[in-house]
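Okay, structure first, notes after.
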Amino acid sequence: MTIDDEDTLVPHFRQMLNKVPEVTIYFWLIKVLSTTVGETAADFLNVDLHLGLTGTMVAMVVLLAAVLTVQFRTKKYVPWVYWLAVVLISIVGTLITDSLVDNLGVPLEIATVVFAVLLAGTFTAWYRSERTLSIHTIVTSRREAFYWAAILFTFALGTAAGDLLAEGLALGYRGSILIFAGLIAVIAAASSRSWLSPILAFWLAYILTRPLGASLGDYLSQAPDDGGLGLGAVFTSALFLATILGLVAYLGVTKRDVSDPHSGALLR
């Protein structure tokens, strides 16, 4: 689909401003930080607070449902609401994968394939319904529902794929970080040379930042005997949450990640 094709679609649904931020360096920084928090916070709630996977899942799903309710009721992108939803959905996505693997004994290979199929199915249904997968056209509740479903499955898929490489294939956390960072660099280079469409490049990078952030979180928080730096889940989660809060507060003041509906930025 070309930009002109999207341009003919958007005005018919211009019920609200675009509900997601512009894709800037701040977007990717907060995205990686939120995925790291998703990994370490899930471990903290599950292990350190002894809530268990089931208890942690219930608590996080309730919180996520409440925040997504607020997100869907807004008519424009609100930084703190949007990024709180991303952090919570990161935690829930991690817990879904952990529950399948740890509680139900589903192999990481199967979990990875299942979530890949679910994500592909979400994209297929989204495109058939809306004729676009661009995040710059999230201007109706239906498109936003597809968007958040895709986000959830990217987090679950990224968790499974990251654990598969780091643990199942014994590549270690540092090895996984290098692999996923390298893949993202290849995607960025291919996109810059127009070898990949911007929409495809975005979603591929979005998927890969999940295992990148998860591997980074594990590397920082896990004990040295397990291949980490031993900073602990509490310190790592607090450090990254504070950084997220600082960046979100900065964006809330500067509006540097808000699309201008009169500049055509929504259709880039």
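Naming scheme: A, B, ... for chains in displayed order of the structure tokens; residues 1 onward per chain; ligands 1 onward as shown.
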Do a neighbour search on region 149-156 of chain A at 8 Å with only C-alpha atoms, toss out local chain neighbours closer than 3 positions, and write the hits as an NGL selection string. :A and (35 or 89-90 or 92-94 or 96-97 or 115-116 or 118-119 or 122-123 or 145-146 or 159-160 or 206-207 or 210)
Enumerate as a PyMOL selection string all residues of region 33-209 of chain A assigned to helix (DSSP H, G or I) by DSSP on the backbone, naming them with the chain letters and numbers the document uses. chain A and resi 33-48+52-73+79-103+108-130+135-137+141-168+172-192+198-209
